[in-house]
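Raw contents of upload-v4.csv, CSV, C-alpha atoms:
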```csv
chain,number,residue,atom,x,y,z
F,254,MET,CA,21.1,26.0,-10.7
F,255,ALA,CA,18.5,24.3,-8.4
F,256,SER,CA,16.6,23.1,-11.5
F,257,LYS,CA,19.8,21.4,-12.8
F,258,ILE,CA,20.2,19.6,-9.5
F,259,THR,CA,16.6,18.5,-9.6
F,260,MET,CA,16.9,17.3,-13.2
F,261,MET,CA,20.1,15.3,-12.3
F,262,LYS,CA,18.2,13.7,-9.4
F,263,LYS,CA,15.3,12.7,-11.6
F,264,ASP,CA,17.7,11.3,-14.2
F,265,ASP,CA,19.6,9.5,-11.4
F,266,PHE,CA,16.4,8.0,-10.0
F,267,LYS,CA,15.4,6.9,-13.5
F,268,ALA,CA,18.7,5.1,-14.0
F,269,VAL,CA,18.6,3.5,-10.6
F,270,MET,CA,15.0,2.2,-11.0
F,271,ALA,CA,15.9,0.8,-14.4
F,272,GLN,CA,18.4,-1.4,-12.7
F,273,GLN,CA,16.0,-2.8,-10.1
F,274,THR,CA,14.4,-6.2,-10.4
F,275,ASP,CA,10.6,-6.5,-10.7
F,276,ALA,CA,10.5,-7.6,-7.1
F,277,GLU,CA,12.6,-4.7,-5.9
F,278,LEU,CA,10.3,-2.2,-7.8
F,279,ILE,CA,7.3,-3.7,-6.1
F,280,ARG,CA,8.9,-3.5,-2.7
F,281,ILE,CA,9.6,0.2,-3.3
F,282,LEU,CA,6.1,0.9,-4.6
F,283,SER,CA,4.6,-1.1,-1.7
F,284,ALA,CA,6.5,0.7,1.0
F,285,PRO,CA,5.1,3.7,2.9
F,286,GLU,CA,5.5,6.8,0.7
F,287,ASP,CA,7.5,8.7,3.4
F,288,GLN,CA,10.4,6.2,3.0
F,289,TYR,CA,11.3,7.4,-0.5
F,290,GLN,CA,11.7,10.8,-2.1
F,291,PRO,CA,8.8,11.7,-4.4
F,292,GLU,CA,11.1,11.7,-7.4
F,293,ALA,CA,12.2,8.2,-6.6
F,294,LEU,CA,8.6,7.0,-6.4
F,295,GLN,CA,7.8,8.7,-9.6
F,296,ALA,CA,10.7,7.0,-11.3
F,297,ALA,CA,9.7,3.6,-9.9
F,298,ARG,CA,6.2,4.0,-11.1
F,299,ALA,CA,7.4,5.0,-14.6
F,300,GLU,CA,9.8,2.1,-14.7
F,301,PHE,CA,7.1,-0.4,-13.5
F,302,SER,CA,4.8,1.0,-16.2
F,303,ASN,CA,7.4,0.6,-18.9
F,304,ARG,CA,7.9,-3.1,-18.1
F,305,ASN,CA,4.2,-3.9,-18.8
F,306,LEU,CA,3.9,-6.4,-16.0
F,307,SER,CA,0.6,-8.1,-15.7
F,308,GLU,CA,-1.6,-7.7,-12.6
F,309,SER,CA,-1.1,-11.4,-11.7
F,310,ALA,CA,2.7,-10.9,-11.9
F,311,TYR,CA,2.4,-7.9,-9.6
F,312,ILE,CA,0.3,-9.7,-7.1
F,313,ALA,CA,2.7,-12.7,-7.1
F,314,LEU,CA,5.7,-10.6,-6.6
F,315,LYS,CA,4.0,-8.5,-3.9
F,316,ASP,CA,3.0,-11.6,-2.0
F,317,ALA,CA,6.5,-13.0,-2.3
F,318,ASN,CA,7.9,-9.7,-1.0
F,319,GLU,CA,5.4,-9.7,2.0
F,320,ALA,CA,6.4,-13.3,2.8
F,321,HIS,CA,10.0,-12.4,2.8
F,322,GLN,CA,9.4,-9.4,5.0
F,323,GLN,CA,7.5,-11.6,7.5
F,324,ALA,CA,10.3,-14.1,7.5
F,325,ILE,CA,12.8,-11.3,8.3
F,326,GLN,CA,10.6,-10.2,11.2
F,327,VAL,CA,10.3,-13.7,12.6
F,328,ARG,CA,14.0,-14.2,12.4
F,329,ALA,CA,14.7,-10.9,14.1
F,330,ALA,CA,12.4,-11.8,17.0
F,331,ILE,CA,14.4,-15.0,17.8
F,332,PRO,CA,16.7,-14.3,20.7
F,333,LEU,CA,20.4,-15.0,20.4
F,334,ASN,CA,21.7,-18.1,22.1
F,335,ASN,CA,24.2,-17.8,24.9
F,336,GLY,CA,27.2,-18.4,22.7
F,337,TRP,CA,26.4,-15.4,20.5
F,338,LYS,CA,25.6,-13.3,23.6
F,339,LEU,CA,29.0,-14.2,25.1
F,340,LEU,CA,30.8,-13.4,21.9
F,341,ALA,CA,29.0,-10.0,21.6
F,342,PHE,CA,29.7,-9.2,25.2
F,343,THR,CA,33.4,-10.1,25.2
F,344,SER,CA,34.2,-8.6,21.8
F,345,CYS,CA,32.5,-5.3,22.6
F,346,PRO,CA,35.6,-3.7,24.2
F,347,LEU,CA,37.5,-4.4,20.9
F,348,PHE,CA,35.2,-2.0,19.1
F,349,LEU,CA,35.3,0.7,21.7
F,350,GLN,CA,39.1,1.2,21.5
```

Let me see whether you can do it: turn the structure in this file into structure tokens.
Amino acid sequence: MASKITMMKKDDFKAVMAQQTDAELIRILSAPEDQYQPEALQAARAEFSNRNLSESAYIALKDANEAHQQAIQVRAAIPLNNGWKLLAFTSCPLFLQ
């Protein structure tokens, strides 16, 4: 029974990775390995290999992904202005009810 579950997972990962864009596959493959299950990484590697992407395409997509991640970090470091802080503070009791 456990082998059927494992096979289903591998098939599921294969289907999911086939739906990913090239950039998403590179993001997955560039992430620390402990963020994904080994079967997911294996499926991502196989899908990437099936697409026959050139090394220059890989580098370009990886660079674009790194730039995007840096932009996210920069934006996350910007403090909220007082209007957003006030909104968050005053609407907090609405979520606690």

Around all the atoms of segment 277-289 of chain F listed in the file, with 5 Å of room on each side, what axis-aligned box do you get, giving centre and edge lengths in Å to one decimal, as AutoDock Vina command-line options?
```
--center_x 8.6 --center_y 2.0 --center_z -2.2 --size_x 18.0 --size_y 23.4 --size_z 21.2
```

TODO: Name the closest residue to Ala299 of chain F among the candidates F:Ile312, F:Leu278, F:Leu340, F:Asp287; distances are taken between atoms, counting all atoms listed in the file.
DONE: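 Counting all atoms listed in the file, the residue closest to Ala299 of chain F is F:Leu278.
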
- [ ] Quote the spacing between atom CA of Leu294 of chain F and atom CA of Ala276 of chain F in Å to one decimal place.
- [x]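 Computing it gives 14.7 Å between the two atoms.
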
Just give me the residues with any atom within 10 Å of (9.3, 2.9, -6.8), file coordinates, counting only C-alpha atoms, written as a compact mmCIF listing (two decimals) with C-alpha atoms, keeping the file's coordinate frame.
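The file below, out.txt, is the result:
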```
# COMPACT_ATOMS: atom_id res chain seq x y z
CA PHE F 266 16.40 8.00 -10.00
CA LYS F 267 15.40 6.90 -13.50
CA MET F 270 15.00 2.20 -11.00
CA GLN F 273 16.00 -2.80 -10.10
CA GLU F 277 12.60 -4.70 -5.90
CA LEU F 278 10.30 -2.20 -7.80
CA ILE F 279 7.30 -3.70 -6.10
CA ARG F 280 8.90 -3.50 -2.70
CA ILE F 281 9.60 0.20 -3.30
CA LEU F 282 6.10 0.90 -4.60
CA SER F 283 4.60 -1.10 -1.70
CA ALA F 284 6.50 0.70 1.00
CA GLU F 286 5.50 6.80 0.70
CA TYR F 289 11.30 7.40 -0.50
CA GLN F 290 11.70 10.80 -2.10
CA PRO F 291 8.80 11.70 -4.40
CA GLU F 292 11.10 11.70 -7.40
CA ALA F 293 12.20 8.20 -6.60
CA LEU F 294 8.60 7.00 -6.40
CA GLN F 295 7.80 8.70 -9.60
CA ALA F 296 10.70 7.00 -11.30
CA ALA F 297 9.70 3.60 -9.90
CA ARG F 298 6.20 4.00 -11.10
CA ALA F 299 7.40 5.00 -14.60
CA GLU F 300 9.80 2.10 -14.70
CA PHE F 301 7.10 -0.40 -13.50
```

- [ ] For atom CA of Ser309 of chain F and atom CA of Gln272 of chain F, quote the distance in Å rounded to one decimal.
- [x] 21.9 Å

TODO: Mind giving me the straight-line distance from atom CA of Asn334 of chain F to atom CA of Ala317 of chain F in Å, one decimal?
DONE: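 Between these atoms lies a distance of 29.2 Å.
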